[in-house]
Protein chains: 6
Amino acid sequence: MSSSPIGVVKRNITRADRATVDRLSGFGVATVHEAMGRLGLLKPYMRPIYTGAQLCGTAITVLLQPGDNWMLHVAAEQLQDGDVVIAACTTDCDDGFFGELLGTSFHARGARGLVIDGGVRDVKELTAMKFPVFSRAISARGTVKASLGSVNVPVVCAGALVQPGDVVIGDDDGVVIVPAAAAQRTADAAQARTDNEADKRARLATGALGLDLYNMREPLAKAGLQYID
Amino acid sequence: MSSSPIGVVKRNITRADRATVDRLSGFGVATVHEAMGRLGLLKPYMRPIYTGAQLCGTAITVLLQPGDNWMLHVAAEQLQDGDVVIAACTTDCDDGFFGELLGTSFHARGARGLVIDGGVRDVKELTAMKFPVFSRAISARGTVKASLGSVNVPVVCAGALVQPGDVVIGDDDGVVIVPAAAAQRTADAAQARTDNEADKRARLATGALGLDLYNMREPLAKAGLQYID
Amino acid sequence: MSSSPIGVVKRNITRADRATVDRLSGFGVATVHEAMGRLGLLKPYMRPIYTGAQLCGTAITVLLQPGDNWMLHVAAEQLQDGDVVIAACTTDCDDGFFGELLGTSFHARGARGLVIDGGVRDVKELTAMKFPVFSRAISARGTVKASLGSVNVPVVCAGALVQPGDVVIGDDDGVVIVPAAAAQRTADAAQARTDNEADKRARLATGALGLDLYNMREPLAKAGLQYID
Amino acid sequence: MSSSPIGVVKRNITRADRATVDRLSGFGVATVHEAMGRLGLLKPYMRPIYTGAQLCGTAITVLLQPGDNWMLHVAAEQLQDGDVVIAACTTDCDDGFFGELLGTSFHARGARGLVIDGGVRDVKELTAMKFPVFSRAISARGTVKASLGSVNVPVVCAGALVQPGDVVIGDDDGVVIVPAAAAQRTADAAQARTDNEADKRARLATGALGLDLYNMREPLAKAGLQYID
Amino acid sequence: MSSSPIGVVKRNITRADRATVDRLSGFGVATVHEAMGRLGLLKPYMRPIYTGAQLCGTAITVLLQPGDNWMLHVAAEQLQDGDVVIAACTTDCDDGFFGELLGTSFHARGARGLVIDGGVRDVKELTAMKFPVFSRAISARGTVKASLGSVNVPVVCAGALVQPGDVVIGDDDGVVIVPAAAAQRTADAAQARTDNEADKRARLATGALGLDLYNMREPLAKAGLQYID
Amino acid sequence: MSSSPIGVVKRNITRADRATVDRLSGFGVATVHEAMGRLGLLKPYMRPIYTGAQLCGTAITVLLQPGDNWMLHVAAEQLQDGDVVIAACTTDCDDGFFGELLGTSFHARGARGLVIDGGVRDVKELTAMKFPVFSRAISARGTVKASLGSVNVPVVCAGALVQPGDVVIGDDDGVVIVPAAAAQRTADAAQARTDNEADKRARLATGALGLDLYNMREPLAKAGLQYID
C-alpha cells in the first residue's frame, strides 16, 4: 500500500528465512546491492555510529513522530532473536530517539541492531556494548513519549521501502534492504559475484588491467575514446 | 513489494476514479495532507518551478537512472488524459532530466504536470506554457538516453511511496500522494475539514482567539503553563 | 540568561518605542544591519514566502517544540497592534507550524507579520492576504498541539538572540533584530548612512569609481596590489 | 595554470568576439550547454535573484576573500561595455558582497550583470534596476575592504573554470561559460540545435512520441525493456 | 542584551563554581541535557575532531570574524585553569581558525578544550595532544589576523546562547551549555537521573520491557494504539 | 583552457619533479596550503575514508560521468609509480565509483592513493589495504561503464583546478594541489614555515602568549580593541 497507517502494531509478520539471512550476513552491503540489481540501498547519509559496525537481520519496522520515541518501546516487545529494528520518521528530525537504555532493552530482546532515519545518543556506551546502530545524526537531545506511530507497517526509511520481515544489512558502506521474497536468489547472486571477484582480484593484484580483464578496449574505441600524446 | 524491478513497463494500471480526482483537485495540499491523517507528503525540498503551479491527476510512475531521461520518453506513451508523471531516480541527481520538448510531448498526450525527484530545465518556456512542474532542482545540464529504468512500478519519490494510479496533488505548499483506494474517503474528509474551517476563519477574523475556539485553556493549564507578569 | 525556561508566558514586556519603530520601518534590512555595526542578522536561510514581503514591529517571542504549534495560539493573545511574532524551535524542524487560520488570527490581533525558524503552509492564501512571513521552509505538513514551549522569553532564532520587545525588521534581503535599547541610535545611524549613500549613488551613476570615491588606491597599493598588462 | 595568484590585476585581456557574443545571447543556457558537449555549467545552486534575469557578456573575473568585497571595486575600473563580472571566493561565504551602489557603478561602466559564488543584497533595488545577478545566496550582511584578491586571473566559480574574456551566459536555467576560443563553434552548434528542435517541437505538439521521433524502440528492446500488462 | 558588541574584551567574569563544574564533568552530555529540561544543546553539526573527545569547563566566549582568528589569540590571555574556549563567528565560515600552535598555547594557559562554530586544522597533532576540540568543520585553510571581534561577551554558538563563565560540556553526543546560575541544580538533577537509570538498566538487561517499567500500556491504549495479527 | 574535452586520454604528461614531491610529502596539508599563499585547497567536504589516511603524489586526472566509472579503468593504464588519481565528475554524484578491486589494481600499478569528488565503497577493505582515499561520500551503490569521460585533462575537483602532473597532498586536514611549476618554491616555503613554527611552539608551550610573540598588542589597540573590567 502507498501509505502506512498510524496507530497500528502488527504482531504476526513473515520473516525472511533464517538460514538465508545467515548466508546473506556473510556478504558486504556493496556486494548485496549489486546482487540485487542495484536496488534497495538507503541514502548515503545513513552512517554507522562507530567504525566497523555491522548488522544483518529481519526487519521490525517502526514509524516514529518527530521528537517522540514512544513506538521504539512498543517495538521492543515485538522483537525476536535475529531481528533488526528499522525506524522511519514522519518528518525529518535529528533528535536522539535512541540511547543506551533502549539499546540494553533491544539487545536483551534479541535485536541485532538498529537502523534509524533520525538521531541517536549515548554513542560511547552503545559502542562499548558493540550494539550496531546506523543513523542520520548523533544528538544528545532526547525525545518525548506522546504521539502514536506504528510498528510493522511498510515504511520508507532514508529513501528505501521496507516491509516487516525484509532482510536489513548494514556495514561501513551503508545499509541495504533485501525483500524477504528475494533473499534466496540475492544470496545466490552475491555468492556468484564473490566467487567471480576472487579471480579478478588476484589478476589485478599482479598488475593486469581492467581494460583487458573486462574487454573494454573495443567498446571504448567504438564510443570514440581518443588517445593523444 | 519492497524494491521495484528495472527494465519493466506496466501498461495496464488501475487509476483512481476520475470523479474523485476532480473533487480532490478542489482542495489544497495542506488540507488533503491533514485529511489523510498527515501521511503521504513528499519532502519539502520539492518545489514548484513557478509560483502558483498546481496539479492534480493520476500517477504514471517512472524510475530513472542518474543523468538519464530515457524512461521519460517511454512514459509519454503510457499517458492518458488526466495523468501526472511522477519520477524517482535510483540515486540523488540534480541534472535537468526534463525540458520544453518533453513538456510539449507530455502536454499533447494529456498530462497535467510532472513531479520529479531530480532537476529540470527550460523553466522560462515551461512557465510560459503553464505546464506545472515540481522538482528538487533546476539545472541546464541535460541527460543521456542509455540506461533502462522502469515505468508504472512502485517508486519512492522524495520520501513518499507512490503506486501507479495514485492521486498526485501539488501546489505552492508541496506535493501529496493519495492512494487510489483512499481517494474517496480523503475527499470526504477534506470537504469536512474545509467546511469546519470556514466558520473558524470568520470568528478568528473578528479577533476571537484559538485559545477559546479550540478550548485550549484547560489543557494548557493542566500541562503546567504559567503566566507571569 | 543563557537558557529560556519552558512553560512560561510573560505578559508584561517592554516594547521598543513606537515612534522609533516607525522610523526604522523606513530603512531596508541591509542598511539597518550596517547601522547596527553588522550585528543582529538572522542566518540567510530565512526567506520571505513571497517576493516583496516586508515587516517591521516589536517582537513577541515564541519557543516551539518540533512539530507542535500550540504556543503560537498562546502568543496570539499577547499580541498588540504593531507586534511581530518571532518563533524559534527547540530543534530544527521544517513542518508547517503556521497557515492561513493563524494568519487570520494574528492579523486580527494586530500582528504585522511572522518570522519563524521552521516551516509554514497556505503560502497562496497568506500571499493573497499580504501577511508577511519569513521562514526556513515551506511545508504542507501540519503540527499537533501537545507540548509546552514558552512566550516572551529570550529565544535564539536562526542564530540571532531576540528579546521580547526588540525590533524585528524583514525584507527581501533577510531579517535583522534591533535591541529595544539600541533602536534610537540605530535609526539615527541608518538615516546618516542613507543620506550619505544618496550622494555616492549619484556619482557612481555617472561612472565615477568607488576606487576614487572611497580613496582606495593608496591602501590597495600599500597592500601590494599589482597591475599587469 | 592551476592556481591563481593573489594581489594581481590584469588589465589587457582578450575578449571573445563581440559579434559572436551577440549571437550567443540569443540562445538559452540549456541550449548552449548542450552545444558545448555538456561542459562549462556552474553548479545549480547558482540562481538568479529575480525571475527572468538574463545576461550574456565577456568575463571580467574576480577572486574575492571571504567577507571582503574590495576587489569588486577594483574590477569596476576594468569593465568595458558588454562585460559581465564573474566572482569567485577563496572559501565558501554567503555574505552580501554586492548591492545597489556597486550595481549602479557596474551598470554605469557598461557591465551586463554579475555572477558571484557568494551572497548579494539590495535585491529589491537591483530588481527594480533590472540589473541581472546570479548568486549562491542572498544576505543583508555586508563586507569589509581589507584583503587583496585578484582581477582577471583564471578562477573557479561554482565548480567551473573561467578565464577572463570567456563568454558568460545566464538565464532561469543557470549559468554556463563558453571559452572565448570555442565561442564561434558553440554559436554554430547552438543554432543547429535550435533549428532541429523547432521541427521536433511541432511534431511532439501533435502527439507524436519521442519513442518514434528519436527511433528509440529498437535500442530499448535491445537493452531488454519488457512491457507487461 | 540581544547583540554583542564588537571590539571588546571583558576581563572580569564570574565563573561557575569549580566544585560544581567538577561534579558536572562526571555526567554525559545527554544526561545533563535532560537534567536541564532539554535546553542548552548546540546543534548536532558540532562534532568532536576525534572519537572520545571530552571536555567540561567554564566558558571564555569569543566572537570571531569570518576567516580571521585574531580574537583567539586575545582570548588566550584571558584563560584560567579549567576554562573552555567557546567561539562563535559573525557569519558561517568553515575555515581552519585553530590548529596545533594555538592548541599548545591554550593548553599551556590552562584551557580544557575548544568549541568552535567554524573549522579547525592540525587534527592529527591535536589528537596526539589529546586536546579536545568540537567544531563544525575540518579545514586546512588558515585565517588572517585583521578584524576585531570580542572576548567574553554573550555569543550565540551553533544555536545556543553562551555567557562567559557558563559551564560547557562536550562528549561524543554533542555539546551542552549550563548557565552558571543553573549549574548546581543541574548537577543535582543529573545525579538523580543517573541513580534512577541504573535500576532501569538492570531490569531492561533481563528482558523487562519499557512498556511495563514506564507503565505505558494504558496511555498507549487510551491514545488508540491497535494491535492486529 | 576553460573546459576540458570529453573522450580524450592524454598519455604523455609532465609530472612534478620526484625529489620535490618527496620533500613535499614531509609536510602537512595545512603547512603546504599556507606555503602556497592559501591557494589550492579542495573544499572541506572532502574527507579521508579512515583516520590517518595520507597521500602525496603526482596527479593523474580523471573526468567521470555521473554513476559511471569507466574512465577509472582507463586511468589505471596511465599510472606510474608515485602517481595519485584525482577524479572529478561532470555533475554532483555520491555513487560508489571506486572499491576494493580498483584499489587493488591502482595499488598494483603504483598509485599512492585516490582523491575523488564522488562516492566510494569497500571502505573496510580499502582501510585494511591502507590504500588512502579522500572522497565526498561513502556509498555502496556501484556504477556502470557506459559513458566516456577523459583522462589527464585539466579538471575542477571539489572547487580546485588540477592539471595532470600537479602534486596532490592529502591528510586528516584535507587535500591541497600544488602546481608542478610551484612545487619547489612551495617546498622551500613550507620548510621555512616549519622551522619558524618549532620555535614558536616551544615558547607557546611555556605559556608565552601569541599576543606578544606576534606583536599583536599595538595593532589590536590601533584597531580599537577595548579591555573592560
# chains A, B, ... in the order shown; residues from 1 in each chain; ligands from 1
>>> residues_around(residues="Lys145 of chain D", least_positions_apart="5", cutoff="12 Å", atoms="only C-alpha atoms", output="ChimeraX atom specification")
/C:210-211,214-217,219-220,223 /D:64-74,97 /E:146-147
>>> select_by_dssp(residues="segment 47-186 of chain D", states="strand (DSSP E)", output="number ranges by chain")
D: 47-48, 55-64, 83-89, 96-98, 114-120, 133-138, 150-151, 155-157, 160-162, 167-171, 174-178
>>> atom_distance(atom1="atom CA of Ala198 of chain C", atom2="atom CA of Asp122 of chain D")
14.5 Å
>>> interface_residues(of="chain B", to="chain A", cutoff="9 Å", atoms="only C-alpha atoms", output="MDAnalysis selection string")
chainID B and resid 1:6 37:41 43 90:92 154:163 166 177:180
>>> residues_around(residues="Gly170 of chain B", least_positions_apart="3", cutoff="7 Å", atoms="only C-alpha atoms", output="list in words")
Val29, Gln54, Leu55, Cys56, Gly174, Val175 and Val176 of chain B
>>> atom_distance(atom1="atom CA of Thr186 of chain D", atom2="atom CA of Val9 of chain D")
28.9 Å
>>> atom_distance(atom1="atom CA of Ala192 of chain E", atom2="atom CA of Thr31 of chain E")
10.1 Å
